[in-house]
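Shown here: run38.csv, CSV, C-alpha atoms and all ligand atoms.
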chain,number,residue,atom,x,y,z
G,1,MET,CA,-32.1,-47.7,21.4
G,2,ASP,CA,-34.7,-46.7,23.9
G,3,PHE,CA,-35.6,-48.5,27.0
G,4,ASN,CA,-36.6,-48.0,30.6
G,5,ILE,CA,-34.1,-49.0,33.3
G,6,ILE,CA,-35.0,-50.2,36.8
G,7,THR,CA,-32.2,-50.7,39.3
G,8,PRO,CA,-33.1,-52.7,42.4
G,9,VAL,CA,-30.5,-52.8,45.2
G,10,THR,CA,-31.7,-55.7,47.3
G,11,VAL,CA,-32.9,-59.2,46.5
G,12,LYS,CA,-36.4,-58.3,47.9
G,13,GLU,CA,-36.6,-55.3,45.6
G,14,LEU,CA,-35.4,-57.4,42.6
G,15,LEU,CA,-38.1,-60.0,43.2
G,16,GLY,CA,-40.7,-57.2,43.6
G,17,THR,CA,-39.6,-55.7,40.3
G,18,MET,CA,-39.8,-59.0,38.6
G,19,LYS,CA,-43.3,-59.5,39.9
G,20,LYS,CA,-44.3,-56.0,38.8
G,21,PHE,CA,-43.0,-56.5,35.3
G,22,GLN,CA,-43.9,-60.2,34.9
G,23,LYS,CA,-46.7,-59.5,32.3
G,24,LYS,CA,-44.6,-56.9,30.5
G,25,LYS,CA,-41.5,-57.1,28.3
G,26,PHE,CA,-38.3,-57.0,30.3
G,27,ARG,CA,-34.7,-58.2,30.2
G,28,PHE,CA,-32.0,-58.6,32.8
G,29,GLY,CA,-28.8,-56.5,32.4
G,30,ALA,CA,-25.7,-57.4,34.3
G,31,GLY,CA,-22.5,-55.8,32.8
G,32,CYS,CA,-24.6,-55.1,29.6
G,33,THR,CA,-21.6,-55.8,27.3
G,34,ASP,CA,-23.7,-58.3,25.3
G,35,LEU,CA,-27.1,-56.9,26.0
G,36,LEU,CA,-26.4,-53.5,24.6
G,37,MET,CA,-24.9,-54.9,21.4
G,38,GLU,CA,-28.0,-57.2,21.0
G,39,LEU,CA,-30.5,-54.3,21.6
G,40,LYS,CA,-28.5,-52.2,19.1
G,41,ARG,CA,-28.9,-54.9,16.5
G,42,ASN,CA,-32.5,-55.8,17.4
G,43,PRO,CA,-34.2,-52.9,19.2
G,44,GLU,CA,-37.3,-53.9,21.2
G,45,GLU,CA,-40.1,-51.5,21.8
G,46,ASN,CA,-41.5,-50.8,25.3
G,47,LEU,CA,-38.6,-52.7,26.9
G,48,THR,CA,-37.6,-52.5,30.6
G,49,VAL,CA,-34.1,-53.5,31.6
G,50,ILE,CA,-33.8,-54.8,35.1
G,51,ASN,CA,-30.3,-53.7,36.0
G,52,LEU,CA,-28.7,-56.3,38.4
G,53,SER,CA,-25.4,-54.5,38.9
G,54,ARG,CA,-26.4,-52.7,42.1
G,55,VAL,CA,-27.9,-55.8,43.9
G,56,LYS,CA,-25.2,-56.1,46.6
G,57,ASP,CA,-26.1,-59.4,48.2
G,58,PRO,CA,-23.8,-62.5,48.7
G,59,LEU,CA,-26.4,-64.4,46.7
G,60,PHE,CA,-25.1,-62.5,43.6
G,61,THR,CA,-21.7,-61.3,44.6
G,62,GLY,CA,-20.4,-63.7,47.2
G,63,ILE,CA,-17.7,-66.4,47.0
G,64,LYS,CA,-17.9,-69.3,49.4
G,65,LYS,CA,-15.7,-72.4,49.7
G,66,SER,CA,-17.0,-75.6,51.4
G,67,ALA,CA,-16.0,-79.3,51.5
G,68,ALA,CA,-18.5,-79.9,48.7
G,69,GLY,CA,-17.2,-77.3,46.4
G,70,PHE,CA,-16.9,-73.7,45.5
G,71,ARG,CA,-19.9,-71.3,45.1
G,72,PHE,CA,-19.8,-67.9,43.6
G,73,GLY,CA,-22.4,-65.3,42.6
G,74,ALA,CA,-23.5,-64.7,39.0
G,75,MET,CA,-22.6,-61.0,39.3
G,76,LEU,CA,-18.9,-61.6,39.8
G,77,THR,CA,-17.0,-59.9,37.0
G,78,ALA,CA,-14.4,-61.6,34.8
G,79,HIS,CA,-11.8,-59.5,36.5
G,80,LYS,CA,-12.9,-60.8,40.0
G,81,ILE,CA,-12.8,-64.4,38.7
G,82,MET,CA,-9.4,-63.8,37.2
G,83,VAL,CA,-7.7,-62.4,40.3
G,84,ASN,CA,-9.3,-64.8,42.8
G,85,GLU,CA,-6.5,-67.0,44.3
G,86,GLU,CA,-8.8,-69.9,45.1
G,87,ILE,CA,-9.9,-70.1,41.5
G,88,ARG,CA,-6.4,-69.6,40.2
G,89,ASN,CA,-5.1,-72.5,42.4
G,90,ASN,CA,-7.9,-75.0,42.0
G,91,PHE,CA,-9.7,-74.2,38.7
G,92,LYS,CA,-7.0,-73.0,36.4
G,93,VAL,CA,-9.3,-73.5,33.4
G,94,LEU,CA,-11.7,-70.9,34.7
G,95,HIS,CA,-8.9,-68.5,35.6
G,96,GLU,CA,-7.4,-68.7,32.1
G,97,ALA,CA,-10.9,-68.4,30.5
G,98,ALA,CA,-11.6,-65.2,32.5
G,99,GLU,CA,-8.1,-63.8,31.7
G,100,SER,CA,-8.7,-64.4,27.9
G,101,LEU,CA,-12.0,-62.6,27.8
G,102,ALA,CA,-12.1,-59.5,25.7
G,103,SER,CA,-10.0,-56.7,27.2
G,104,THR,CA,-9.1,-55.2,30.6
G,105,GLN,CA,-11.9,-52.7,30.4
G,106,ILE,CA,-14.6,-55.2,29.4
G,107,ARG,CA,-13.4,-57.7,32.1
G,108,GLN,CA,-14.2,-55.0,34.8
G,109,VAL,CA,-17.9,-55.1,34.0
G,110,ALA,CA,-18.7,-58.4,32.1
G,111,THR,CA,-20.1,-60.9,34.6
G,112,VAL,CA,-19.8,-64.7,34.7
G,113,GLY,CA,-23.6,-64.9,34.9
G,114,GLY,CA,-23.9,-62.8,31.7
G,115,ASN,CA,-21.4,-65.0,30.0
G,116,VAL,CA,-23.4,-68.1,30.8
G,117,CYS,CA,-26.9,-66.6,30.2
G,118,THR,CA,-26.0,-65.1,26.9
G,119,ALA,CA,-25.5,-68.7,25.8
G,120,SER,CA,-23.1,-67.9,23.0
G,121,PRO,CA,-21.2,-71.0,21.7
G,122,SER,CA,-18.1,-68.9,22.1
G,123,GLY,CA,-18.5,-67.9,25.8
G,124,ASP,CA,-15.1,-68.4,27.4
G,125,MET,CA,-16.0,-68.7,31.1
G,126,ALA,CA,-19.1,-70.7,30.2
G,127,CYS,CA,-16.9,-73.2,28.3
G,128,ALA,CA,-14.6,-73.5,31.3
G,129,LEU,CA,-17.6,-74.1,33.6
G,130,VAL,CA,-18.9,-76.9,31.3
G,131,ALA,CA,-15.5,-78.6,31.6
G,132,LEU,CA,-15.7,-78.2,35.4
G,133,GLU,CA,-19.2,-79.7,35.3
G,134,ALA,CA,-20.6,-76.8,37.3
G,135,ASP,CA,-24.2,-76.4,38.4
G,136,CYS,CA,-26.3,-73.3,37.8
G,137,GLU,CA,-28.2,-71.9,40.7
G,138,ILE,CA,-31.5,-70.4,39.5
G,139,LEU,CA,-33.7,-68.0,41.4
G,140,GLY,CA,-37.4,-67.9,40.7
G,141,ILE,CA,-39.8,-65.0,41.1
G,142,THR,CA,-41.1,-66.5,44.4
G,143,GLY,CA,-37.6,-66.5,45.8
G,144,LYS,CA,-37.3,-70.3,45.5
G,145,LYS,CA,-33.9,-71.6,44.2
G,146,GLY,CA,-33.1,-74.6,42.0
G,147,MET,CA,-30.0,-76.2,40.5
G,148,VAL,CA,-29.5,-77.2,36.9
G,149,PRO,CA,-26.3,-78.8,35.6
G,150,ILE,CA,-24.6,-76.5,33.2
G,151,THR,CA,-24.3,-79.3,30.7
G,152,GLY,CA,-28.1,-79.1,30.4
G,153,PHE,CA,-28.4,-75.3,30.7
G,154,PHE,CA,-27.9,-74.4,27.0
G,155,THR,CA,-30.7,-75.4,24.7
G,156,GLY,CA,-29.6,-73.7,21.4
G,157,VAL,CA,-27.7,-70.7,20.1
G,158,ARG,CA,-28.4,-67.9,22.7
G,159,LYS,CA,-31.1,-70.1,24.3
G,160,THR,CA,-31.2,-71.5,27.8
G,161,VAL,CA,-33.5,-73.4,30.1
G,162,LEU,CA,-34.3,-70.2,32.0
G,163,LYS,CA,-37.9,-69.1,32.0
G,164,LYS,CA,-38.9,-65.4,31.8
G,165,ASN,CA,-39.3,-65.1,35.6
G,166,GLU,CA,-36.1,-66.8,36.5
G,167,LEU,CA,-32.5,-65.7,36.7
G,168,LEU,CA,-29.1,-67.1,37.4
G,169,CYS,CA,-28.0,-66.2,40.9
G,170,GLY,CA,-24.9,-68.3,41.3
G,171,ILE,CA,-22.6,-71.1,40.1
G,172,PHE,CA,-21.4,-74.1,42.0
G,173,VAL,CA,-18.3,-75.9,41.1
G,174,PRO,CA,-17.9,-79.3,42.8
G,175,ALA,CA,-14.8,-80.0,44.8
G,176,LYS,CA,-12.1,-82.1,43.3
G,177,ASN,CA,-12.2,-85.9,43.8
G,178,LYS,CA,-10.7,-86.7,47.2
G,179,LYS,CA,-8.0,-89.0,45.6
G,180,SER,CA,-7.0,-86.2,43.2
G,181,LYS,CA,-3.4,-85.2,43.7
G,182,ASN,CA,-2.5,-83.7,40.3
G,183,ILE,CA,-4.6,-81.5,38.3
G,184,TYR,CA,-4.0,-80.7,34.6
G,185,SER,CA,-6.3,-77.8,33.8
G,186,GLY,CA,-6.3,-75.2,31.1
G,187,PHE,CA,-8.2,-73.1,28.5
G,188,VAL,CA,-7.0,-73.0,24.9
G,189,LYS,CA,-8.5,-70.2,22.9
G,190,ILE,CA,-7.8,-69.6,19.2
G,191,GLY,CA,-9.0,-66.4,17.7
G,192,THR,CA,-8.1,-64.2,14.8
G,193,ARG,CA,-6.3,-61.7,17.2
G,194,GLN,CA,-5.1,-61.6,20.8
G,195,SER,CA,-7.7,-59.4,22.5
G,196,MET,CA,-11.3,-58.1,22.0
G,197,GLU,CA,-12.1,-61.2,20.2
G,198,CYS,CA,-14.4,-64.1,20.7
G,199,SER,CA,-12.8,-67.5,19.9
G,200,VAL,CA,-12.8,-69.1,16.5
G,201,VAL,CA,-12.5,-72.3,18.5
G,202,SER,CA,-11.8,-73.1,22.1
G,203,LEU,CA,-11.0,-76.1,24.3
G,204,ALA,CA,-11.4,-76.3,28.1
G,205,TYR,CA,-10.0,-79.2,30.1
G,206,HIS,CA,-9.8,-80.1,33.8
G,207,ILE,CA,-8.2,-83.5,34.4
G,208,GLN,CA,-7.6,-85.0,37.8
G,209,ALA,CA,-5.0,-87.7,38.5
G,210,ASP,CA,-4.1,-89.7,41.6
G,211,ALA,CA,-0.7,-89.7,43.4
G,212,GLY,CA,0.6,-92.2,40.8
G,213,GLY,CA,-0.4,-89.9,37.9
G,214,LYS,CA,-3.4,-92.1,36.9
G,215,ILE,CA,-6.4,-90.1,35.6
G,216,ILE,CA,-9.4,-90.6,37.9
G,217,HIS,CA,-11.7,-87.9,36.4
G,218,ALA,CA,-11.7,-85.6,33.4
G,219,GLY,CA,-13.9,-82.8,32.1
G,220,VAL,CA,-13.5,-81.6,28.5
G,221,ALA,CA,-15.6,-78.9,26.7
G,222,ILE,CA,-15.4,-77.3,23.3
G,223,GLY,CA,-16.5,-73.8,22.3
G,224,SER,CA,-17.3,-72.2,18.9
G,225,SER,CA,-17.6,-75.6,17.4
G,226,ALA,CA,-21.4,-76.3,17.7
G,227,PRO,CA,-24.6,-74.4,18.3
G,228,THR,CA,-23.9,-74.7,22.0
G,229,ILE,CA,-20.8,-75.3,24.1
G,230,ARG,CA,-20.5,-79.1,24.3
G,231,PHE,CA,-19.2,-81.4,27.0
G,232,ALA,CA,-17.0,-84.0,25.2
G,233,GLU,CA,-18.0,-86.8,27.6
G,234,ASP,CA,-16.7,-89.7,25.5
G,235,ALA,CA,-13.3,-88.0,25.0
G,236,ALA,CA,-13.1,-87.3,28.7
G,237,HIS,CA,-14.1,-90.8,29.7
G,238,TYR,CA,-11.4,-92.2,27.3
G,239,LEU,CA,-8.7,-90.7,29.5
G,240,VAL,CA,-9.8,-92.3,32.7
G,241,GLY,CA,-7.4,-95.0,33.9
G,242,LYS,CA,-4.5,-93.7,31.7
G,243,LYS,CA,-1.4,-92.0,33.1
G,244,PHE,CA,-1.5,-88.3,31.9
G,245,GLU,CA,2.2,-88.2,31.3
G,246,ASN,CA,2.4,-91.5,29.5
G,247,ILE,CA,-0.3,-90.9,26.9
G,248,SER,CA,1.1,-92.2,23.6
G,249,VAL,CA,0.9,-90.3,20.3
G,250,ASN,CA,-1.8,-92.7,19.1
G,251,GLU,CA,-3.8,-92.2,22.3
G,252,ARG,CA,-3.5,-88.4,21.9
G,253,LYS,CA,-4.9,-88.8,18.3
G,254,GLU,CA,-7.7,-91.0,19.5
G,255,PHE,CA,-8.6,-88.5,22.2
G,256,ALA,CA,-8.6,-85.7,19.7
G,257,ALA,CA,-10.7,-87.7,17.3
G,258,ARG,CA,-13.2,-88.3,20.1
G,259,VAL,CA,-13.3,-84.6,20.9
G,260,LEU,CA,-14.0,-83.9,17.2
G,261,THR,CA,-17.2,-86.1,17.2
G,262,TYR,CA,-18.8,-83.3,19.3
G,263,ALA,CA,-18.0,-80.6,16.8
G,264,THR,CA,-20.5,-79.5,14.2
G,265,PRO,CA,-19.0,-76.1,13.2
G,266,ILE,CA,-20.2,-73.7,10.6
G,267,ASP,CA,-18.4,-71.5,8.0
G,268,ASP,CA,-18.7,-67.9,9.0
G,269,LEU,CA,-16.8,-64.6,8.5
G,270,ARG,CA,-14.1,-65.6,10.9
G,271,ALA,CA,-13.3,-69.2,9.9
G,272,THR,CA,-14.5,-72.1,7.8
G,273,ALA,CA,-15.9,-75.3,9.4
G,274,TRP,CA,-12.9,-77.2,8.0
G,275,TYR,CA,-10.4,-74.9,9.7
G,276,ARG,CA,-12.2,-75.1,13.0
G,277,LYS,CA,-12.1,-78.9,12.9
G,278,GLU,CA,-8.4,-79.0,12.0
G,279,VAL,CA,-7.6,-76.5,14.8
G,280,LEU,CA,-9.7,-78.4,17.4
G,281,PHE,CA,-8.0,-81.7,16.5
G,282,ASN,CA,-4.6,-80.2,16.9
G,283,ILE,CA,-5.2,-78.3,20.1
G,284,SER,CA,-6.8,-81.4,21.7
G,285,LYS,CA,-3.7,-83.5,20.9
G,286,ALA,CA,-1.5,-80.7,22.2
G,287,ILE,CA,-2.9,-80.5,25.8
G,288,PHE,CA,-0.6,-83.5,26.7
G,289,GLU,CA,2.4,-81.6,25.6
G,290,ASN,CA,1.6,-78.7,27.9
G,291,ASP,CA,1.4,-80.8,31.0
G,292,ALA,CA,4.5,-79.4,32.7
G,293,LYS,CA,3.1,-75.9,32.3
G,294,ASN,CA,-0.4,-76.7,33.5
G,295,SER,CA,-0.1,-79.2,36.2
G,296,ARG,CA,0.2,-78.3,39.9
H,1,LIG,C1,-15.9,-56.0,22.3
H,1,LIG,C2,-16.4,-57.3,22.9
H,1,LIG,C3,-15.5,-58.4,23.1
H,1,LIG,C4,-16.0,-59.5,23.7
H,1,LIG,N1,-15.1,-60.6,23.8
H,1,LIG,C5,-15.5,-61.7,24.5
H,1,LIG,C6,-14.6,-62.8,24.7
H,1,LIG,O1,-13.4,-62.7,24.3
H,1,LIG,N2,-15.1,-63.9,25.3
H,1,LIG,C7,-16.4,-64.0,25.7
H,1,LIG,O2,-16.7,-65.1,26.2
H,1,LIG,N3,-17.3,-63.0,25.5
H,1,LIG,C8,-16.8,-61.9,24.9
H,1,LIG,N4,-17.7,-60.8,24.7
H,1,LIG,C9,-19.1,-61.0,25.1
H,1,LIG,C10,-19.5,-60.5,26.6
H,1,LIG,O3,-18.6,-59.5,27.0
H,1,LIG,C11,-19.5,-61.6,27.6
H,1,LIG,O4,-20.3,-62.7,27.2
H,1,LIG,C12,-19.8,-61.2,29.0
H,1,LIG,O5,-19.4,-62.1,30.0
H,1,LIG,C13,-21.3,-60.9,29.2
H,1,LIG,O6,-21.6,-60.5,30.5
H,1,LIG,P1,-22.4,-59.2,30.9
H,1,LIG,O7,-22.5,-59.2,32.4
H,1,LIG,O8,-22.0,-58.0,30.2
H,1,LIG,O9,-23.8,-59.7,30.3
H,1,LIG,P2,-25.1,-58.8,29.8
H,1,LIG,O10,-24.7,-58.2,28.6
H,1,LIG,O11,-25.6,-58.0,30.9
H,1,LIG,O12,-26.2,-60.0,29.6
H,1,LIG,C14,-26.0,-60.9,28.6
H,1,LIG,C15,-27.3,-61.8,28.5
H,1,LIG,O13,-27.5,-62.5,29.7
H,1,LIG,C16,-28.7,-62.1,30.4
H,1,LIG,N5,-28.3,-62.1,31.8
H,1,LIG,C17,-27.2,-61.5,32.4
H,1,LIG,N6,-27.1,-61.8,33.7
H,1,LIG,C18,-28.1,-62.6,33.9
H,1,LIG,C19,-28.5,-63.3,35.1
H,1,LIG,N7,-27.8,-63.3,36.3
H,1,LIG,N8,-29.6,-64.1,35.0
H,1,LIG,C20,-30.3,-64.2,33.9
H,1,LIG,N9,-30.0,-63.6,32.7
H,1,LIG,C21,-28.9,-62.8,32.8
H,1,LIG,C22,-29.1,-60.8,29.8
H,1,LIG,O14,-30.5,-60.6,29.9
H,1,LIG,C23,-28.6,-60.9,28.4
H,1,LIG,O15,-29.5,-61.6,27.6
H,1,LIG,C24,-17.3,-59.6,24.1
H,1,LIG,C25,-18.2,-58.5,24.0
H,1,LIG,C26,-17.7,-57.4,23.4
H,1,LIG,C27,-18.7,-56.2,23.3
Produce structure tokens that represent the structure in this file.
Ligand SMILES: Cc1cc2nc3c(=O)[nH]c(=O)nc-3n(C[C@H](O)[C@H](O)[C@H](O)COP(=O)(O)OP(=O)(O)OC[C@H]3O[C@@H](n4cnc5c(N)ncnc54)[C@H](O)[C@@H]3O)c2cc1C
Amino acid sequence: MDFNIITPVTVKELLGTMKKFQKKKFRFGAGCTDLLMELKRNPEENLTVINLSRVKDPLFTGIKKSAAGFRFGAMLTAHKIMVNEEIRNNFKVLHEAAESLASTQIRQVATVGGNVCTASPSGDMACALVALEADCEILGITGKKGMVPITGFFTGVRKTVLKKNELLCGIFVPAKNKKSKNIYSGFVKIGTRQSMECSVVSLAYHIQADAGGKIIHAGVAIGSSAPTIRFAEDAAHYLVGKKFENISVNERKEFAARVLTYATPIDDLRATAWYRKEVLFNISKAIFENDAKNSR
């Protein structure tokens, strides 16, 4: 593995480096936990890695709360996401996803931007952000920014809408619905072992209910079940208008069946497609049994 590394420290320097290398082969590196594995498998000649880890700018590392929602930089590590009180209290699904990622050591360097941009169907934080219907803030080579809903960000296995001269600078999670009084939120990850393991299947949910317990908005996403993480819109919509705590056994099964319509898993070394579907059905049904644990 042989490549050239450039380490800009300001956004201006970063944009300058992107301009300088725009006609050459380059990749962005954040925590490099995925990138190094990829380059080991498929070495690229004459490659430059633009190392983002020293760009100390709120655009990449800041956390900001507003009435509209919560914005954080793409360079926040899984550890920083995991220990943030605001995220733990308001977006439990993201807290749990960050907490379940890899190991203590990897969480110190693996970034949320890297997790999204690597576009793996098993990305834990990415799956939580799909359930939260987050927006991706994209920075172009000219310094101009744009927003893309995360539900449209992934175009295939390890493929995104990002062009060569664009990068992810931040994530925006919209604030909860004003009438929302109870939130049922969580991340269920099934793997072949407890840590250092990508999911065999995962389910992220973020369900908002009014003071009477009636569901007013729901976000549900599945990981490791299709070429990309999928937003199970029909399943989420099915819950609206129902009381979370009164959802009957038949309604749980109907919800799980609707989640399953988004799954097109494959057989691989870690699990068969049949197993993934069985597990997904069962963990989808089970979220209503965990309500006491997950509501706040
Ligand atoms: C042993 C091991 C265990 C793992 N376990 C898990 C797990 O349990 N769950 C899980 O989800 N993942 C897991 N991973 C994968 C990986 O750690 C995560 O996906 C991590 O979040 C990637 O972040 P990073 O900052 O290291 O990304 P990098 O490796 O730096 O980058 C990943 C990709 O995204 C691109 N990129 C990075 N940042 C940006 C940006 N801001 N804009 C544009 N492109 C960008 C890079 O060019 C590269 O293509 C594991 C990896 C290893 C090695």
*All residues having an atom within 7 Å of ligand LIG 1 (chain H) (all atoms listed in the file) as a count of residues only*: 40
_What's around region 269-283 of chain G at 9 Å? Count all atoms listed in the file, leave out sequence neighbours fewer than 3 positions away in its own chain, and write the answer as a PyMOL selection string._
chain G and resi 188+190-192+200-203+222+224-225+253+255-257+259-260+263-266+286-287
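For the atom pair formed by CA of Phe3 (chain G) and CA of Thr48 (chain G), the distance is 5.7 Å, given to one decimal.
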Cut-off 10 Å around (-12.9, -75.3, 46.4) with all atoms listed in the file: residues as a PDB file with C-alpha atoms, keeping the file's coordinate frame:
ATOM      1  CA  LYS G  64     -17.900 -69.300  49.400  1.00  0.00           C
ATOM      2  CA  LYS G  65     -15.700 -72.400  49.700  1.00  0.00           C
ATOM      3  CA  SER G  66     -17.000 -75.600  51.400  1.00  0.00           C
ATOM      4  CA  ALA G  67     -16.000 -79.300  51.500  1.00  0.00           C
ATOM      5  CA  ALA G  68     -18.500 -79.900  48.700  1.00  0.00           C
ATOM      6  CA  GLY G  69     -17.200 -77.300  46.400  1.00  0.00           C
ATOM      7  CA  PHE G  70     -16.900 -73.700  45.500  1.00  0.00           C
ATOM      8  CA  ARG G  71     -19.900 -71.300  45.100  1.00  0.00           C
ATOM      9  CA  GLU G  86      -8.800 -69.900  45.100  1.00  0.00           C
ATOM     10  CA  ILE G  87      -9.900 -70.100  41.500  1.00  0.00           C
ATOM     11  CA  ASN G  89      -5.100 -72.500  42.400  1.00  0.00           C
ATOM     12  CA  ASN G  90      -7.900 -75.000  42.000  1.00  0.00           C
ATOM     13  CA  PHE G  91      -9.700 -74.200  38.700  1.00  0.00           C
ATOM     14  CA  PHE G 172     -21.400 -74.100  42.000  1.00  0.00           C
ATOM     15  CA  VAL G 173     -18.300 -75.900  41.100  1.00  0.00           C
ATOM     16  CA  PRO G 174     -17.900 -79.300  42.800  1.00  0.00           C
ATOM     17  CA  ALA G 175     -14.800 -80.000  44.800  1.00  0.00           C
ATOM     18  CA  LYS G 176     -12.100 -82.100  43.300  1.00  0.00           C
TER      19      LYS G 176
END
*Kindly indicate which residue among G:Phe26, G:His206, G:Val116, G:Arg41 lies nearest to Arg158 (chain G), using only C-alpha atoms for the distances.*
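Of the candidates, the smallest distance to Arg158 (chain G) is held by G:Val116.
Among the candidate residues G:Gly170, G:Pro121, G:Gly143, G:Gly223, the one lying nearest to Gly16 (chain G) is G:Gly143, with distances computed using only C-alpha atoms.
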Considering only C-alpha atoms, give me a table of residues in region 132-208 of chain G that are at most 9 Å from region 227-240 of chain G, with the closest atom pair and distance in Å for each, as a Markdown table.
| residue | atom | partner | partner_atom | distance |
| --- | --- | --- | --- | --- |
| G:Glu133 | CA | G:Phe231 | CA | 8.5 |
| G:Thr151 | CA | G:Phe231 | CA | 6.6 |
| G:Phe154 | CA | G:Thr228 | CA | 6.4 |
| G:Thr155 | CA | G:Thr228 | CA | 7.3 |
| G:Gly156 | CA | G:Thr228 | CA | 5.8 |
| G:Val157 | CA | G:Pro227 | CA | 5.2 |
| G:Arg158 | CA | G:Thr228 | CA | 8.2 |
| G:Lys159 | CA | G:Thr228 | CA | 8.8 |
| G:Tyr205 | CA | G:Ala236 | CA | 8.8 |
| G:Ile207 | CA | G:Ala236 | CA | 8.4 |
Go ahead and save the picked residues with C-alpha atoms, as a compact mmCIF listing (two decimals), in the frame of the given file.
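Result went into selection.txt, see below:
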# COMPACT_ATOMS: atom_id res chain seq x y z
CA GLU G 133 -19.20 -79.70 35.30
CA THR G 151 -24.30 -79.30 30.70
CA PHE G 154 -27.90 -74.40 27.00
CA THR G 155 -30.70 -75.40 24.70
CA GLY G 156 -29.60 -73.70 21.40
CA VAL G 157 -27.70 -70.70 20.10
CA ARG G 158 -28.40 -67.90 22.70
CA LYS G 159 -31.10 -70.10 24.30
CA TYR G 205 -10.00 -79.20 30.10
CA ILE G 207 -8.20 -83.50 34.40
*Around (-36.2, -51.6, 41.6) in the file's own coordinates, what residues are found within 10 Å if you use all atoms listed in the file, given back as a ChimeraX atom specification?*
/G:5-18,20,50-52,54-55
*Do you have the CA of Asn246 (chain G)-CA of Lys214 (chain G) distance handy?*
9.4 Å
*Between CA of Ala211 (chain G) and CA of Ser180 (chain G), distance in Å (one decimal)*: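 If I compute the distance from CA of Ala211 (chain G) to CA of Ser180 (chain G), I get 7.2 Å.
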